[in-house]
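Novice: Quick one, target11.txt (compact mmCIF, C-alpha atoms):
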```txt
# COMPACT_ATOMS: atom_id res chain seq x y z
CA MET R 427 7.87 -25.86 32.05
CA ARG R 428 5.30 -26.85 29.46
CA TRP R 429 4.23 -30.12 31.15
CA VAL R 430 2.89 -28.28 34.20
CA LEU R 431 -0.87 -27.69 34.36
CA PHE R 432 -2.77 -26.09 37.21
CA ILE R 433 -5.09 -28.66 38.75
CA GLY R 434 -8.02 -26.32 38.20
CA LEU R 435 -7.50 -26.43 34.44
CA VAL R 436 -7.18 -30.20 34.56
CA LEU R 437 -10.31 -30.62 36.64
CA GLY R 438 -12.30 -28.28 34.45
CA ALA R 439 -11.29 -30.12 31.31
CA ALA R 440 -11.86 -33.52 32.91
CA SER R 441 -15.37 -32.67 34.03
CA SER R 442 -16.48 -32.13 30.45
CA CYS R 443 -15.17 -35.47 29.18
CA GLY R 444 -16.74 -38.89 28.93
CA GLY R 445 -16.47 -42.30 27.29
CA GLY R 446 -13.55 -44.61 26.59
CA ARG R 447 -10.93 -45.04 23.90
CA GLN R 448 -12.31 -46.07 20.55
CA ALA R 449 -10.65 -47.14 17.34
CA SER R 450 -10.37 -44.29 14.84
CA SER R 451 -11.87 -44.65 11.40
CA GLN R 452 -9.72 -45.94 8.58
CA ARG R 453 -11.48 -43.41 6.33
CA SER R 454 -10.34 -40.32 8.23
CA ALA R 455 -9.38 -37.58 5.79
CA HIS R 456 -6.75 -36.30 8.22
CA ARG R 457 -4.98 -39.59 8.91
CA ILE R 458 -1.27 -39.45 8.17
CA PRO R 459 -0.49 -41.64 5.14
CA THR R 460 0.94 -45.03 6.06
CA LYS R 461 4.12 -44.36 4.11
CA VAL R 462 5.07 -41.63 6.58
CA LEU R 463 5.24 -44.11 9.45
CA HIS R 464 7.78 -46.92 9.05
CA LEU R 465 7.73 -48.37 12.56
CA GLY R 466 6.87 -52.03 12.30
CA ALA R 467 4.96 -53.48 15.25
CA LEU R 468 4.99 -51.17 18.28
CA PRO R 469 4.94 -52.69 21.80
CA ARG R 470 1.85 -52.36 24.02
CA GLU R 471 3.66 -49.82 26.22
CA GLY R 472 6.43 -47.33 25.67
CA VAL R 473 7.39 -43.67 25.77
CA ALA R 474 7.33 -40.87 23.22
CA VAL R 475 10.15 -38.37 23.75
CA GLU R 476 10.17 -34.95 22.11
CA THR R 477 13.47 -33.13 21.66
CA GLU R 478 13.90 -29.77 19.95
CA ARG R 479 16.92 -28.66 17.99
CA LEU R 480 17.05 -25.22 16.40
CA GLY R 481 13.34 -24.87 17.08
CA LYS R 482 12.45 -28.06 15.21
CA PRO R 483 10.95 -30.98 17.16
CA THR R 484 11.81 -34.65 16.77
CA LEU R 485 9.57 -37.31 18.30
CA THR R 486 11.27 -40.59 19.23
CA LEU R 487 9.18 -43.69 19.98
CA ILE R 488 10.82 -46.08 22.45
CA GLY R 489 9.73 -49.37 24.00
CA LEU R 490 10.23 -49.86 27.72
CA ASP R 491 13.03 -52.26 26.83
CA GLY R 492 14.92 -49.28 25.38
CA HIS R 493 14.45 -50.23 21.71
CA VAL R 494 13.90 -47.23 19.41
CA TYR R 495 11.03 -47.86 17.00
CA GLY R 496 11.12 -44.67 14.97
CA ARG R 497 11.56 -40.91 14.78
CA LEU R 498 9.10 -38.38 13.41
CA LYS R 499 9.16 -34.63 12.83
CA LEU R 500 6.26 -34.05 15.22
CA ALA R 501 5.71 -32.43 18.61
CA ILE R 502 3.86 -33.73 21.67
CA ASP R 503 0.62 -31.82 22.05
CA ALA R 504 -0.40 -30.38 25.43
CA GLY R 505 -3.62 -32.41 25.13
CA SER R 506 -1.62 -35.48 26.21
CA GLU R 507 -1.47 -34.05 29.74
CA LEU R 508 -5.24 -34.30 30.14
CA LEU R 509 -5.28 -37.96 29.13
CA ARG R 510 -3.93 -41.12 30.74
CA ASN R 511 -1.03 -42.72 28.86
CA VAL R 512 -2.29 -41.53 25.48
CA VAL R 513 0.15 -39.77 23.14
CA VAL R 514 -1.32 -36.82 21.24
CA VAL R 515 1.04 -35.26 18.70
CA ARG R 516 0.91 -32.16 16.55
CA SER R 517 2.36 -31.19 13.21
CA PRO R 518 4.61 -28.13 13.73
CA ASN R 519 3.68 -26.90 10.26
CA SER R 520 -0.10 -27.38 10.02
CA GLY R 521 -0.98 -27.69 13.70
CA THR R 522 -3.05 -30.81 12.90
CA ARG R 523 -3.27 -33.23 15.83
CA TYR R 524 -2.97 -37.00 15.77
CA VAL R 525 -3.10 -39.85 18.31
CA LEU R 526 -0.61 -42.69 18.45
CA ASP R 527 -2.35 -46.01 17.79
CA ALA R 528 0.30 -48.42 19.04
CA ALA R 529 -1.74 -51.52 18.22
CA GLY R 530 -1.95 -50.42 14.59
CA SER R 531 1.57 -48.92 14.48
CA ARG R 532 0.19 -45.69 13.05
CA LEU R 533 -1.04 -42.20 13.78
CA VAL R 534 -4.77 -41.50 13.45
CA ALA R 535 -6.77 -38.29 13.50
CA TYR R 536 -7.39 -36.82 16.95
CA ARG R 537 -11.12 -36.59 17.60
CA SER R 538 -12.01 -35.37 21.08
CA ARG R 539 -10.81 -36.01 24.62
CA GLY R 540 -14.01 -37.92 25.37
CA ARG R 541 -12.79 -40.83 23.25
CA TYR R 542 -9.72 -41.53 25.38
CA PRO R 543 -8.93 -42.41 29.01
CA ARG R 544 -8.77 -39.27 31.15
CA ALA R 545 -6.09 -38.44 33.69
CA LEU R 546 -8.72 -37.14 36.14
CA SER R 547 -12.50 -37.55 36.11
CA ASN R 548 -15.70 -37.36 38.16
CA VAL R 549 -14.98 -34.04 39.82
CA THR R 550 -16.99 -33.60 43.03
CA GLY R 551 -18.30 -30.50 44.76
CA ARG R 552 -15.65 -30.94 47.39
CA GLY R 553 -12.94 -30.41 44.82
CA CYS R 554 -11.85 -34.04 44.37
CA ALA R 555 -11.13 -35.84 41.11
CA THR R 556 -10.77 -39.59 40.50
CA PHE R 557 -7.53 -40.93 39.04
CA ALA R 558 -8.18 -44.69 39.52
CA ARG R 559 -10.77 -47.26 40.59
CA ARG R 560 -10.08 -50.61 42.21
CA GLU R 561 -12.26 -53.16 44.01
CA GLY R 562 -15.19 -50.81 44.55
CA VAL R 563 -13.16 -47.84 45.78
CA ARG R 564 -12.00 -44.65 44.12
CA PHE R 565 -8.56 -43.09 44.39
CA VAL R 566 -8.81 -39.31 44.30
CA LEU R 567 -6.83 -36.07 44.44
CA CYS R 568 -8.54 -33.51 46.67
CA ALA R 569 -8.22 -29.79 47.28
CA ARG R 570 -8.17 -28.53 50.85
CA SER R 571 -11.64 -26.99 50.70
CA ARG R 572 -14.66 -26.55 48.44
CA GLY R 573 -13.75 -22.94 47.81
CA GLN R 574 -10.26 -23.76 46.59
CA ALA R 575 -10.26 -23.55 42.81
CA TYR R 576 -7.10 -25.59 42.34
CA GLY R 577 -4.29 -27.17 44.30
CA ALA R 578 -4.90 -30.76 45.37
CA THR R 579 -3.21 -31.24 48.75
CA SER R 580 -4.25 -34.80 49.57
CA ILE R 581 -4.38 -38.26 47.99
CA GLU R 582 -7.35 -40.24 49.28
CA VAL R 583 -9.19 -43.52 48.84
CA THR R 584 -12.96 -43.47 49.19
CA GLY R 585 -15.60 -46.20 49.15
CA ALA R 586 -18.55 -47.70 50.98
CA LYS R 587 -16.58 -47.77 54.25
CA GLY R 588 -15.75 -44.07 54.08
CA THR R 589 -12.78 -41.97 53.06
CA ARG R 590 -9.17 -42.33 54.17
CA ARG R 591 -6.25 -40.09 53.35
CA ILE R 592 -3.22 -41.84 51.89
CA ALA R 593 -0.97 -38.79 51.86
CA GLY R 594 -1.05 -35.04 52.32
CA PRO R 595 1.55 -32.54 51.08
CA PRO R 596 5.20 -33.60 51.34
CA PRO R 597 6.90 -32.69 54.66
CA HIS R 598 7.88 -29.04 55.14
CA SER R 599 5.46 -27.82 52.45
CA ARG R 600 3.82 -24.52 53.30
CA PRO R 601 0.11 -24.87 54.14
CA PRO R 602 -2.64 -22.77 52.47
CA PRO R 603 -3.06 -19.87 51.91
CA GLU R 604 0.74 -19.65 51.51
CA GLN R 605 0.77 -23.10 49.89
CA SER R 606 3.34 -23.27 47.11
CA GLY R 607 2.69 -26.71 45.70
CA PHE R 608 0.00 -29.22 44.75
CA TRP R 609 -0.55 -32.78 43.54
CA ARG R 610 -1.06 -32.50 39.80
CA ALA R 611 -1.22 -36.16 38.72
CA ALA R 612 -1.33 -39.67 40.15
CA TYR R 613 -1.21 -43.26 38.88
CA LEU R 614 -2.17 -46.46 40.71
CA SER R 615 0.17 -49.45 40.47
CA PRO R 616 -1.09 -52.65 38.79
CA ASP R 617 -1.33 -54.41 42.17
CA GLY R 618 -3.29 -51.50 43.70
CA ARG R 619 -0.83 -51.03 46.58
CA THR R 620 1.18 -47.98 45.52
CA VAL R 621 0.36 -44.58 44.06
CA LEU R 622 2.90 -42.85 41.82
CA ALA R 623 2.13 -39.17 42.40
CA GLN R 624 3.42 -35.92 40.94
CA TRP R 625 4.04 -32.92 43.20
CA SER R 626 4.56 -29.48 41.65
CA ALA R 627 6.36 -27.07 43.98
CA ASP R 628 7.98 -23.61 43.79
CA CYS R 629 9.06 -22.54 40.31
CA GLU R 630 6.92 -25.41 38.98
CA THR R 631 9.61 -27.83 40.17
CA PRO R 632 8.40 -31.44 39.69
CA THR R 633 9.01 -34.23 42.20
CA ALA R 634 7.58 -37.74 41.86
CA PHE R 635 6.66 -39.73 44.98
CA PHE R 636 5.55 -43.19 45.97
CA ALA R 637 2.53 -43.09 48.30
CA GLU R 638 1.68 -46.45 49.84
CA ARG R 639 -1.99 -47.30 50.15
CA GLY R 640 -1.42 -48.14 53.81
CA GLY R 641 0.36 -44.83 54.41
CA GLY R 642 3.84 -43.45 53.84
CA LEU R 643 5.33 -41.04 51.31
CA ARG R 644 8.80 -41.16 49.77
CA THR R 645 10.56 -39.79 46.70
CA VAL R 646 11.04 -42.15 43.76
CA THR R 647 14.79 -41.54 43.99
CA GLY R 648 14.91 -42.40 47.69
CA ASP R 649 16.17 -38.98 48.84
CA ARG R 650 15.24 -38.31 52.47
CA ASP R 651 14.75 -34.58 51.90
CA TRP R 652 12.52 -34.28 48.87
CA ARG R 653 13.48 -30.61 48.49
CA LYS R 654 16.98 -31.76 47.51
CA ALA R 655 15.86 -34.64 45.30
CA PRO R 656 16.48 -34.41 41.54
CA GLU R 657 13.55 -33.14 39.49
CA SER R 658 11.37 -36.04 38.39
CA VAL R 659 8.17 -36.49 36.38
CA ALA R 660 5.74 -39.38 36.93
CA LEU R 661 4.69 -40.97 33.61
CA GLY R 662 2.82 -44.11 34.70
CA TRP R 663 3.37 -47.81 35.46
CA SER R 664 4.67 -50.67 33.40
CA SER R 665 2.54 -53.80 33.25
CA GLY R 666 5.27 -55.48 35.28
CA GLY R 667 4.72 -53.14 38.23
CA ARG R 668 7.58 -50.68 37.83
CA ALA R 669 7.10 -46.93 37.87
CA VAL R 670 7.94 -45.12 34.65
CA VAL R 671 9.62 -41.84 35.61
CA GLN R 672 11.58 -39.17 33.77
CA LEU R 673 14.52 -37.93 35.86
CA LEU R 674 15.54 -34.47 34.68
CA GLU R 675 18.77 -32.49 34.43
CA GLY R 676 17.26 -29.80 36.65
CA ALA R 677 15.98 -26.30 35.95
CA CYS R 678 14.86 -24.57 39.15
CA GLY R 679 15.79 -27.57 41.31
CA TYR R 680 18.40 -30.32 41.47
CA GLY R 681 19.28 -32.46 38.47
CA TYR R 682 19.94 -36.18 38.05
CA ASP R 683 23.45 -37.32 37.10
CA LYS R 684 22.23 -39.21 34.04
CA PRO R 685 18.88 -37.73 32.97
CA GLY R 686 16.45 -40.00 31.21
CA VAL R 687 13.37 -42.17 31.38
CA TYR R 688 13.72 -44.88 34.02
CA LEU R 689 11.89 -47.92 35.31
CA ILE R 690 11.92 -47.79 39.13
CA ASP R 691 10.96 -50.65 41.42
CA PRO R 692 8.74 -49.23 44.20
CA HIS R 693 9.94 -51.86 46.68
CA SER R 694 13.68 -52.15 46.13
CA GLY R 695 14.19 -48.69 44.65
CA SER R 696 16.30 -50.12 41.81
CA HIS R 697 16.55 -48.00 38.65
CA ARG R 698 16.85 -49.17 35.07
CA LEU R 699 17.51 -46.65 32.30
CA VAL R 700 15.13 -46.91 29.36
CA TYR R 701 16.28 -43.91 27.32
CA GLU R 702 18.65 -41.05 28.06
CA THR R 703 17.16 -37.57 27.62
CA ARG R 704 18.35 -33.96 27.59
CA ARG R 705 15.98 -31.00 27.47
CA SER R 706 13.24 -33.39 26.44
CA PHE R 707 9.57 -33.94 27.18
CA ALA R 708 8.20 -37.47 27.57
CA VAL R 709 4.75 -39.10 27.55
CA MET R 710 4.01 -42.75 28.16
CA TRP R 711 1.61 -44.86 26.11
CA SER R 712 -0.06 -48.10 27.20
CA ASP R 713 -3.05 -50.14 26.10
```
Rewrite the structure from the file as structure tokens, please.
Specialist:
Amino acid sequence: MRWVLFIGLVLGAASSCGGGRQASSQRSAHRIPTKVLHLGALPREGVAVETERLGKPTLTLIGLDGHVYGRLKLAIDAGSELLRNVVVVRSPNSGTRYVLDAAGSRLVAYRSRGRYPRALSNVTGRGCATFARREGVRFVLCARSRGQAYGATSIEVTGAKGTRRIAGPPPHSRPPPEQSGFWRAAYLSPDGRTVLAQWSADCETPTAFFAERGGGLRTVTGDRDWRKAPESVALGWSSGGRAVVQLLEGACGYGYDKPGVYLIDPHSGSHRLVYETRRSFAVMWSD
């Protein structure tokens, strides 16, 4: 599946990045003309969903309230996976890349990864990478050992008082060197209490989990045996504190009855459908 990236590739790319998101120049020669984009005012957060038909992609822009703001003949670029809630798109004809500027309701020329928030940063010699910071501590994904090139097996919080593991691999996962899965992405909730984490297992099967800061790991769908849970992809958090997750129809694993992008309450487990999807790839945007 195209959304899967080995953690080593992510860490390597993240280590070469720096800086924050900046406004792109109005004078860019590669900016898509305004007349191509008839979207009106986009919300501060939403999802971009790519669906292919007969080899031709269609990109649909949807608010988290389910409202469709527009459709474009563009594809989501793999560069989006290295960034945090930034939508990078690509023209299927020219290959030119653009970034969604939701505040300006437009697409602007893609510059370099260093201009946008990174999914993982500050790689250490131990093989850990930061995915969030809060109140003087860092939340990190860590490999089992320094010599392990990829495969984060633990989610940890580290600060002046030391390091504490929030979660290791899901139960019944095979340990290294036979390890068949790894944590590939993680997002911290707005209140700092819950981590939305992405586990990639055999056959690149995705499963999203909630990992509580105080300890405890559970699937976003509430299934007791995560190996039988429907395939799920963590996309991020809404500003209201709900996890944004894509529940899939299933490829190597189990599928969800009604695939789509959902808002999931980490406390009650309630699901609300944002947009139904089939054979689609989704990326979340937020400011």
Novice: Leaving out Gly607 in chain R and any residue of its chain fewer than 5 positions from it, which residues lie within 7 Å of it when counting only C-alpha atoms, given as a compact mmCIF listing (two decimals) with C-alpha atoms, in the coordinates of the input?
Specialist:
```
# COMPACT_ATOMS: atom_id res chain seq x y z
CA TRP R 625 4.04 -32.92 43.20
CA SER R 626 4.56 -29.48 41.65
CA ALA R 627 6.36 -27.07 43.98
CA ASP R 628 7.98 -23.61 43.79
```
Novice: Hey, which of R:Val473, R:Ile502, R:Leu468, R:Ala569 ends up closest to Leu689 in chain R? Count only C-alpha atoms.
Specialist: R:Val473
Novice: Of the residues R:Gly481, R:Glu507, R:Asp683, R:Ser517, which is the one nearest to Val659 in chain R, using all atoms listed in the file?
Specialist: R:Glu507
Novice: Show which residues sit within 6 Å of Cys554 in chain R, as a list in words. Count only C-alpha atoms, and ignore same-chain residues fewer than 2 positions away.
Specialist: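 That gives Val549, Thr550, Arg552, Leu567 and Cys568 of chain R.
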Novice: Do you have the CA of Val566 in chain R-CA of Phe707 in chain R distance handy?
Specialist: 25.7 Å
Novice: Can you list, as a PyMOL selection string, every protein, DNA or RNA residue that comes within 10 Å of Asp527 in chain R when you count all atoms listed in the file, leaving out same-chain residues fewer than 5 positions away?
Specialist: chain R and resi 449-450+468+470+512-514+532-535+711-713
Novice: Let's have the selection written as a CSV table (one decimal), in the frame of the given file, with C-alpha atoms.
Specialist:
```
chain,number,residue,atom,x,y,z
R,449,ALA,CA,-10.6,-47.1,17.3
R,450,SER,CA,-10.4,-44.3,14.8
R,468,LEU,CA,5.0,-51.2,18.3
R,470,ARG,CA,1.8,-52.4,24.0
R,512,VAL,CA,-2.3,-41.5,25.5
R,513,VAL,CA,0.2,-39.8,23.1
R,514,VAL,CA,-1.3,-36.8,21.2
R,532,ARG,CA,0.2,-45.7,13.0
R,533,LEU,CA,-1.0,-42.2,13.8
R,534,VAL,CA,-4.8,-41.5,13.4
R,535,ALA,CA,-6.8,-38.3,13.5
R,711,TRP,CA,1.6,-44.9,26.1
R,712,SER,CA,-0.1,-48.1,27.2
R,713,ASP,CA,-3.0,-50.1,26.1
```
Novice: Using all atoms listed in the file - which residues lie no farther than 10 Å from the point (12.2, -34.2, 46.6) in the file's frame? Write them as a PyMOL selection string.
Specialist: chain R and resi 596-597+625+627+631-635+644-658+679-680
Novice: What does the structure give for the distance between CA of Asp503 in chain R and CA of Tyr542 in chain R, in Å to one decimal?
Specialist: 14.6 Å
Novice: Point out the residue among R:Asp491, R:Glu582, R:Glu638, R:Asp691 with the least atom-to-atom distance to Gly667 in chain R, counting all atoms listed in the file.
Specialist: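 When distances to Gly667 in chain R are compared using all atoms listed in the file, the smallest one comes from R:Asp691.
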Novice: By how many Å are CA of Arg704 in chain R and CA of Gln672 in chain R apart?
Specialist: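 Taking CA of Arg704 in chain R as the start and CA of Gln672 in chain R as the end point, the length is 10.5 Å.
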Novice: Taking all atoms listed in the file into account, name the residue in R:Gly540, R:Pro692, R:Gly585, R:Pro483 that is nearest to Lys499 in chain R.
Specialist: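 Ranked by minimum distance to Lys499 in chain R, first place goes to R:Pro483.
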Novice: Please list as number ranges by chain every residue within 10 Å of Val670 in chain R, counting all atoms listed in the file and excluding residues in the same chain fewer than 4 positions away.
Specialist: R: 472-473, 490, 622, 659-664, 687-691, 697-700, 709-710
